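Visitor: Input final-v1.txt, format and content: compact mmCIF, C-alpha atoms.
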# COMPACT_ATOMS: atom_id res chain seq x y z
CA MET E 19 0.00 0.00 0.00
CA ASN E 20 1.49 3.37 -1.06
CA CYS E 21 1.30 6.71 0.75
CA GLU E 22 -1.49 8.11 -1.42
CA THR E 23 -3.74 5.11 -0.75
CA VAL E 24 -2.99 5.26 2.97
CA LYS E 25 -3.96 8.96 3.18
CA GLU E 26 -7.20 8.23 1.32
CA ASN E 27 -8.11 5.51 3.83
CA LEU E 28 -7.04 7.17 7.08
CA VAL E 29 -10.52 8.52 7.84
CA LEU E 30 -12.13 5.13 7.24
CA HIS E 31 -9.48 3.53 9.43
CA SER E 32 -10.13 5.99 12.27
CA TYR E 33 -13.83 4.94 12.35
CA GLY E 34 -13.10 1.22 12.02
CA GLU E 35 -14.67 0.98 8.58
CA LEU E 36 -11.77 -0.72 6.74
CA ALA E 37 -11.77 -4.41 5.92
CA ASP E 38 -9.33 -6.49 7.98
CA ASP E 39 -6.83 -7.03 5.17
CA ALA E 40 -6.77 -3.33 4.21
CA ARG E 41 -6.45 -2.30 7.85
CA PHE E 42 -3.50 -4.65 8.33
CA GLU E 43 -1.70 -3.27 5.26
CA LEU E 44 -2.35 0.32 6.34
CA GLU E 45 -1.00 -0.26 9.85
CA GLN E 46 2.08 -2.00 8.45
CA HIS E 47 2.71 0.97 6.20
CA LEU E 48 2.31 3.43 9.10
CA GLU E 49 5.05 1.64 11.05
CA ARG E 50 7.46 2.18 8.15
CA CYS E 51 6.43 5.69 6.99
CA PRO E 52 6.93 8.69 9.32
CA ASP E 53 5.04 11.04 6.94
CA CYS E 54 1.89 8.95 6.98
CA MET E 55 2.21 8.49 10.75
CA ARG E 56 2.25 12.28 11.17
CA GLU E 57 -0.80 12.49 8.90
CA ARG E 58 -2.69 10.05 11.13
CA GLN E 59 -1.66 11.94 14.27
CA ALA E 60 -2.88 15.20 12.76
CA LEU E 61 -6.21 13.58 11.90
CA ARG E 62 -6.61 12.27 15.46
CA GLU E 63 -5.90 15.73 16.93
CA PHE E 64 -8.45 17.29 14.60
CA GLN E 65 -11.10 14.73 15.56
CA GLU E 66 -10.46 15.26 19.26
CA GLN E 67 -10.80 19.04 18.92
CA ALA E 68 -13.90 18.79 16.76
CA ALA E 69 -15.64 16.17 18.91
CA LEU E 70 -18.86 17.33 20.57
CA PRO E 71 -20.12 15.96 23.88
CA ALA E 72 -22.69 13.17 23.44
CA LEU E 73 -26.16 14.48 24.23
CA GLU E 74 -28.91 12.24 25.56
CA PRO E 75 -32.36 13.09 24.14
CA SER E 76 -35.04 13.77 26.71
CA ALA E 77 -37.71 11.18 27.37
CA SER E 78 -40.41 13.55 26.09
CA MET E 79 -38.52 14.02 22.84
CA LEU E 80 -38.19 10.26 22.42
CA ALA E 81 -41.91 9.75 23.06
CA ALA E 82 -42.92 12.47 20.59
CA ALA E 83 -40.52 11.15 17.95
CA ARG E 84 -41.78 7.60 18.45
CA ILE E 85 -45.40 8.69 18.02
CA ARG E 86 -44.61 10.69 14.87
CA LEU E 87 -42.68 7.74 13.44
CA HIS E 88 -45.56 5.33 14.04
CA ASP E 89 -48.04 7.74 12.45
CA ALA E 90 -45.75 8.22 9.45
CA LEU E 91 -45.34 4.46 9.02
CA ASP E 92 -49.09 3.90 9.30
CA SER E 93 -49.90 6.51 6.65
CA ALA E 94 -46.96 5.88 4.32
CA GLU E 95 -47.95 4.81 0.85
CA GLN E 96 -45.95 1.93 -0.52
CA SER E 97 -45.50 2.13 -4.26
CA ALA E 98 -43.17 -0.23 -6.03
CA GLY E 99 -43.11 -2.76 -8.82
CA TRP E 100 -46.53 -3.96 -9.96
CA ARG E 101 -48.29 -1.62 -7.51
CA ASN E 102 -47.34 1.30 -9.73
CA LEU E 103 -49.18 -0.31 -12.63
CA VAL E 104 -52.24 -1.05 -10.50
CA PHE E 105 -52.58 2.34 -8.83
CA ASP E 106 -50.81 4.71 -11.24
CA PRO E 107 -53.08 5.38 -14.26
CA MET E 108 -50.29 7.26 -16.04
CA ALA E 109 -48.08 4.19 -15.87
CA TRP E 110 -50.82 2.20 -17.60
CA LEU E 111 -51.19 4.87 -20.26
CA ARG E 112 -47.45 4.85 -20.92
CA GLN E 113 -47.54 1.07 -21.33
CA VAL E 114 -50.56 1.21 -23.65
CA ARG E 115 -49.03 3.97 -25.76
CA PHE E 116 -46.11 1.80 -26.79
CA SER E 117 -47.95 -1.54 -26.94
CA PRO E 118 -50.94 -1.81 -29.33
CA ALA E 119 -51.35 -5.48 -28.39
CA LEU E 120 -51.70 -4.55 -24.71
CA ALA E 121 -54.25 -1.87 -25.60
CA SER E 122 -56.33 -4.41 -27.51
CA ALA E 123 -56.16 -6.89 -24.65
CA ILE E 124 -57.28 -4.26 -22.12
CA LEU E 125 -60.21 -3.29 -24.36
CA ILE E 126 -61.37 -6.91 -24.67
CA ILE E 127 -61.01 -7.55 -20.92
CA GLY E 128 -62.88 -4.37 -20.08
CA PHE E 129 -65.75 -5.20 -22.42
CA THR E 130 -66.06 -8.73 -21.01
CA ALA E 131 -65.93 -7.51 -17.40
CA GLY E 132 -68.62 -4.93 -18.12
CA VAL E 133 -70.98 -7.57 -19.51
CA LEU E 134 -70.39 -9.90 -16.55
CA THR E 135 -70.82 -7.08 -14.03
CA SER E 136 -74.11 -6.00 -15.59
CA PHE E 137 -75.38 -9.57 -15.33
CA THR E 138 -74.30 -10.23 -11.74
CA ALA E 139 -75.38 -6.80 -10.40
CA ILE E 140 -79.08 -7.50 -10.99
CA PRO E 141 -80.80 -7.51 -7.56
CA ARG E 142 -82.09 -10.96 -6.58
CA GLY E 143 -84.03 -9.84 -3.50
CA PRO E 144 -83.21 -9.78 0.24
CA ARG E 145 -80.97 -12.50 1.56
CA SER E 146 -79.10 -13.46 4.72
CA VAL E 147 -75.38 -14.05 4.36
CA SER E 148 -74.20 -17.34 5.80
CA ASP E 149 -71.62 -18.92 3.49
CA ASP E 150 -70.63 -16.00 1.25
CA SER E 151 -67.54 -13.95 2.02
CA VAL E 152 -68.28 -10.32 2.82
CA THR E 153 -66.19 -7.56 1.25
CA SER E 154 -66.30 -3.89 2.19
CA ALA E 155 -66.79 -3.03 -1.49
CA ALA E 156 -70.15 -4.85 -1.36
CA VAL E 157 -71.29 -3.07 1.81
CA ALA E 158 -73.11 0.23 1.37
CA GLY E 159 -73.69 0.79 5.09
CA ILE E 160 -74.25 -0.89 8.45
CA ARG E 161 -77.82 -0.48 9.70
CA GLY E 162 -77.45 -1.92 13.17
CA ILE E 163 -75.67 -4.41 15.43
CA SER E 164 -77.21 -6.64 18.08
CA HIS E 165 -75.39 -8.99 20.44
CA ASP E 166 -76.81 -11.87 22.49
CA PRO E 167 -74.46 -12.32 25.51
CA SER E 168 -76.00 -15.67 26.40
CA THR E 169 -74.97 -17.27 23.11
CA ASN E 170 -72.20 -14.84 22.11
CA SER E 171 -74.05 -14.48 18.79
CA VAL E 172 -73.88 -11.24 16.82
CA GLN E 173 -76.34 -10.05 14.18
CA ILE E 174 -75.29 -7.29 11.79
CA LYS E 175 -77.77 -5.70 9.39
CA TYR E 176 -76.15 -3.97 6.44
CA ASP E 177 -77.05 -2.58 3.03
CA SER E 178 -75.55 -3.55 -0.29
CA VAL E 179 -77.57 -3.54 -3.48
CA VAL E 180 -80.47 -4.63 -1.29
CA PRO E 181 -80.62 -4.83 2.54
CA GLN E 182 -78.85 -7.90 3.94
CA SER E 183 -77.78 -9.28 7.29
CA ALA E 184 -75.07 -11.60 8.58
CA ASN E 185 -75.30 -13.91 11.61
CA GLY E 186 -72.43 -15.56 13.40
CA SER E 187 -70.25 -15.61 16.49
CA LEU E 188 -67.53 -13.11 17.32
CA ASP E 189 -65.00 -15.69 16.14
CA ASP E 190 -66.52 -15.75 12.66
CA PRO E 191 -64.13 -13.96 10.22
CA ARG E 192 -67.13 -12.56 8.30
CA ILE E 193 -68.52 -10.97 11.45
CA GLU E 194 -65.13 -9.55 12.38
CA GLN E 195 -64.74 -8.12 8.89
CA LEU E 196 -68.10 -6.34 9.09
CA LEU E 197 -67.34 -5.00 12.57
CA VAL E 198 -64.04 -3.56 11.35
CA TYR E 199 -65.87 -1.95 8.44
CA ALA E 200 -68.48 -0.48 10.79
CA ALA E 201 -65.81 0.91 13.14
CA ARG E 202 -63.92 2.68 10.36
CA ASN E 203 -66.63 3.80 7.95
CA GLN E 204 -69.92 4.37 9.71
CA GLN E 205 -71.40 7.84 10.15
CA ASN E 206 -73.63 6.44 12.90
CA SER E 207 -71.72 6.89 16.17
CA GLY E 208 -73.95 4.35 17.94
CA VAL E 209 -72.94 1.67 15.45
CA ARG E 210 -69.27 2.61 15.91
CA VAL E 211 -69.57 2.37 19.69
CA GLU E 212 -71.15 -1.08 19.46
CA SER E 213 -68.65 -2.40 16.89
CA VAL E 214 -65.60 -1.12 18.79
CA ASP E 215 -67.03 -2.50 22.03
CA LEU E 216 -67.35 -5.99 20.50
CA LEU E 217 -63.96 -5.85 18.79
CA SER E 218 -62.28 -4.70 22.00
CA ARG E 219 -62.68 -8.29 23.27
CA LYS E 220 -60.38 -9.51 20.48
CA CYS E 221 -57.41 -7.20 20.98
CA SER E 222 -55.07 -10.17 21.12
CA ASN E 223 -55.34 -9.95 17.33
CA PRO E 224 -52.72 -7.37 16.20
CA GLN E 225 -54.99 -6.10 13.41
CA VAL E 226 -57.77 -5.43 15.91
CA ARG E 227 -55.30 -3.60 18.17
CA GLU E 228 -54.36 -1.41 15.21
CA LEU E 229 -58.04 -0.56 14.77
CA MET E 230 -58.38 0.25 18.49
CA MET E 231 -55.40 2.62 18.31
CA TYR E 232 -56.85 4.21 15.16
CA SER E 233 -60.20 4.76 16.90
CA LEU E 234 -58.52 6.12 20.02
CA ARG E 235 -56.56 8.67 18.00
CA TYR E 236 -59.02 9.74 15.33
CA ASP E 237 -62.65 8.89 16.17
CA THR E 238 -64.67 12.02 16.86
CA ASN E 239 -66.95 10.33 19.40
CA PRO E 240 -65.57 10.14 22.98
CA GLY E 241 -67.67 7.04 23.67
CA VAL E 242 -65.89 5.21 20.87
CA ARG E 243 -62.51 6.37 22.17
CA LEU E 244 -63.37 5.12 25.67
CA LYS E 245 -64.35 1.71 24.29
CA ALA E 246 -61.06 1.59 22.38
CA LEU E 247 -59.13 2.43 25.56
CA GLY E 248 -60.94 -0.36 27.37
CA GLY E 249 -59.82 -2.84 24.75
CA LEU E 250 -56.20 -1.67 24.86
CA GLN E 251 -55.72 -1.62 28.64
CA ASP E 252 -54.34 -5.18 28.88
CA PHE E 253 -51.60 -4.34 26.36
CA VAL E 254 -50.22 -1.10 27.82
CA LYS E 255 -47.41 -3.02 29.53
CA SER E 256 -46.48 -5.37 26.70
CA ASP E 257 -47.04 -3.31 23.53
CA LEU E 258 -44.98 -0.13 23.21
CA ARG E 259 -47.19 1.22 20.43
CA VAL E 260 -50.28 0.84 22.62
CA ARG E 261 -48.47 2.66 25.44
CA ASP E 262 -47.59 5.52 23.11
CA ALA E 263 -51.19 5.79 21.89
CA VAL E 264 -52.46 5.98 25.49
CA VAL E 265 -49.83 8.62 26.36
CA GLU E 266 -50.94 10.60 23.31
CA ALA E 267 -54.58 10.37 24.44
CA LEU E 268 -53.61 11.58 27.91
CA LEU E 269 -51.76 14.57 26.48
CA TYR E 270 -54.05 15.64 23.67
CA ASP E 271 -57.56 14.16 23.93
CA SER E 272 -60.25 16.81 24.31
CA ASN E 273 -62.49 14.71 26.58
CA PRO E 274 -61.76 14.68 30.34
CA GLY E 275 -63.22 11.18 30.72
CA VAL E 276 -60.90 9.75 28.10
CA ARG E 277 -57.90 11.46 29.70
CA THR E 278 -58.89 10.21 33.17
CA GLU E 279 -59.09 6.63 31.89
CA ALA E 280 -55.77 7.05 30.06
CA ILE E 281 -53.91 8.20 33.18
CA ARG E 282 -55.41 5.31 35.15
CA GLN E 283 -54.14 2.80 32.58
CA LEU E 284 -50.65 4.30 32.67
CA GLN E 285 -50.17 3.81 36.42
CA PRO E 286 -48.59 0.33 36.08
CA VAL E 287 -45.97 1.73 33.64
CA VAL E 288 -45.26 5.03 35.37
CA ALA E 289 -41.56 4.12 35.55
CA ASP E 290 -41.31 4.32 31.74
CA GLY E 291 -39.36 7.39 30.63
CA SER E 292 -41.91 8.62 28.09
CA VAL E 293 -44.75 8.23 30.59
CA ARG E 294 -42.84 10.18 33.27
CA ALA E 295 -42.05 12.92 30.75
CA ALA E 296 -45.74 13.27 29.85
CA LEU E 297 -46.73 13.32 33.52
CA GLN E 298 -44.17 16.03 34.25
CA ILE E 299 -45.68 18.22 31.53
CA LEU E 300 -49.18 17.69 32.92
CA ALA E 301 -48.12 18.19 36.54
CA ASP E 302 -46.61 21.56 35.66
CA LYS E 303 -49.34 23.18 33.62
CA ASP E 304 -52.40 21.07 32.82
CA SER E 305 -55.69 22.96 33.05
CA ASN E 306 -57.55 19.95 34.49
CA ASN E 307 -57.05 19.94 38.25
CA TYR E 308 -57.58 16.18 38.63
CA ILE E 309 -55.10 15.34 35.86
CA ARG E 310 -52.59 17.78 37.32
CA GLN E 311 -52.85 16.41 40.86
CA GLU E 312 -52.87 12.78 39.72
CA SER E 313 -49.77 13.40 37.63
CA LYS E 314 -47.97 14.83 40.66
CA ARG E 315 -49.02 11.87 42.79
CA MET E 316 -47.80 9.34 40.23
CA LEU E 317 -44.49 11.16 39.82
CA ALA E 318 -44.01 11.20 43.59
CA SER E 319 -44.55 7.43 43.70
CA VAL E 320 -41.50 6.90 41.48
CA ALA E 321 -39.37 9.76 42.82
CA GLY E 322 -36.58 7.33 43.61
CA ILE E 323 -36.44 5.85 40.09
CA GLN E 324 -33.97 7.58 37.79
Please re-express this file's structure in structure tokens.

Guide:
Amino acid sequence: MNCETVKENLVLHSYGELADDARFELEQHLERCPDCMRERQALREFQEQAALPALEPSASMLAAARIRLHDALDSAEQSAGWRNLVFDPMAWLRQVRFSPALASAILIIGFTAGVLTSFTAIPRGPRSVSDDSVTSAAVAGIRGISHDPSTNSVQIKYDSVVPQSANGSLDDPRIEQLLVYAARNQQNSGVRVESVDLLSRKCSNPQVRELMMYSLRYDTNPGVRLKALGGLQDFVKSDLRVRDAVVEALLYDSNPGVRTEAIRQLQPVVADGSVRAALQILADKDSNNYIRQESKRMLASVAGIQ
């Protein structure tokens, strides 16, 4: 290894980024070359003078960053490969422009699909769904939900082309699918409350937990948010994302009842840094006297934990 190559690799060597064989050659060269040794010494002195003290981010900063990251990941749109062709009309147009055969095929497929759709869309009259799979695209709206606690049976009345209903237990995937649809899409807050209440019993399912966190953050009805909190309470200790969602509700929810339930659920994890940081903010300046006093009490209970 010559002097020029050594000088080019000194920075990589100082950060331990050289491969073992290159590092060995460089160190052998340094033992024989005083000029390169002085170059390395000068680089070390520069790094020592330029080094800044390592700063530890505050717990509140970590909590806020974690929440923003989760929200960004949840809302990020993934677009790659074939997805671009499915969801990007311009990509299809570019393909069709340079491929007359593809254009002809698309025309034939579209014509055939239109004929089949016209045939199958003809209303056949009311029916009760038992064996068919239910898709949200076929559901125009949820009319109502009724639950029989003695049999754990759920009946959901919904509209498609004509009014329909589905019967089954909470463990039925079709029922779960309709409940998720009702929780996310219904304008009727009573239906949302009932669907979230039933789904809250199945929060061991990660997808249902995601829905509960979504409802807690974004549903406009405080009753729905309270039901979502009730479903999440058993996972505050074990699921960091659930804990962050409850901390966020405590800090920012507009309903005092939701905030009171959130601070109650956070008591078992008060030693967590992000929870303590949120409590410190509330203890200092929250407008709700109960939240302020409860935050002080919880902080005092872990005063010895650093």

Visitor: Compile the contact shell of Leu284 in chain E as a count of residues only: residues with an atom at most 12 Å away, counting all atoms listed in the file, same-chain residues fewer than 3 positions apart removed.

Guide: 36

Visitor: Can you measure CA of Tyr176 in chain E to CA of Gly159 in chain E for me? One decimal in Å is fine.

Guide: 5.5 Å

Visitor: Measuring atom to atom with only C-alpha atoms, identify which of E:Gln311, E:Tyr270, E:Val211, E:Pro224 is nearest to Ala246 in chain E.

Guide: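 Selected residue with least distance to Ala246 in chain E: E:Val211.
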
Visitor: In terms of the shortest atom-to-atom distance over all atoms listed in the file, which of E:Thr238, E:Ser187, E:Gln195, E:Gln65 is closest to Ser272 in chain E?

Guide: E:Thr238

Visitor: Between CA of Ile309 in chain E and CA of Pro286 in chain E, what is the spacing in Å?

Guide: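 These two atoms are separated by 16.4 Å.
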
Visitor: For Ala40 in chain E, list every protein, DNA or RNA residue within 12 Å, evaluated using all atoms listed in the file, and leave out those in the same chain fewer than 3 positions away; present the list as a list in words.

Guide: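 Returned residues: Met19, Asn20, Thr23, Val24, Glu26, Asn27, Leu28, Leu30, His31, Gly34, Glu35, Leu36, Ala37, Glu43, Leu44, Glu45, Gln46 and His47 of chain E.
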
Visitor: So the first atom is CA of Gly208 in chain E and the second is CA of Leu244 in chain E; what is the distance between them in Å, to one decimal place?

Guide: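 Interatomic distance here is 13.1 Å.
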
Visitor: Have a look at E:Glu194, E:Asp38, E:Glu212, E:Asp237 and name the one nearest to Arg161 in chain E; count all atoms listed in the file.

Guide: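 For Arg161 in chain E, the nearest of the candidates is E:Glu212.
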
Visitor: Nearest to Ser207 in chain E among E:Val242, E:Ser32, E:Gly248, E:Ile160, with distances taken over all atoms listed in the file: which residue is it?

Guide: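 The answer is E:Val242, which sits nearest to Ser207 in chain E.
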
Visitor: For each of E:Val226, E:Leu300, E:Leu61, E:Val320, take the minimum atom-to-atom distance to Ala201 in chain E, counting all atoms listed in the file, then give the residue where this is smallest.

Guide: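 Selected residue with least distance to Ala201 in chain E: E:Val226.
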
Visitor: I'd like the neighbourhood of Lys175 in chain E as a PyMOL selection string, where a residue qualifies if any of its atoms comes within 9 Å (using only C-alpha atoms), though same-chain residues fewer than 6 positions away should be ignored.

Guide: chain E and resi 159-164+181-185

Visitor: Would you export the selected residues with C-alpha atoms as a PDB file, in the frame of the given file, please?

Guide:
ATOM      1  CA  GLY E 159     -73.690   0.790   5.090  1.00  0.00           C
ATOM      2  CA  ILE E 160     -74.250  -0.890   8.450  1.00  0.00           C
ATOM      3  CA  ARG E 161     -77.820  -0.480   9.700  1.00  0.00           C
ATOM      4  CA  GLY E 162     -77.450  -1.920  13.170  1.00  0.00           C
ATOM      5  CA  ILE E 163     -75.670  -4.410  15.430  1.00  0.00           C
ATOM      6  CA  SER E 164     -77.210  -6.640  18.080  1.00  0.00           C
ATOM      7  CA  PRO E 181     -80.620  -4.830   2.540  1.00  0.00           C
ATOM      8  CA  GLN E 182     -78.850  -7.900   3.940  1.00  0.00           C
ATOM      9  CA  SER E 183     -77.780  -9.280   7.290  1.00  0.00           C
ATOM     10  CA  ALA E 184     -75.070 -11.600   8.580  1.00  0.00           C
ATOM     11  CA  ASN E 185     -75.300 -13.910  11.610  1.00  0.00           C
TER      12      ASN E 185
END
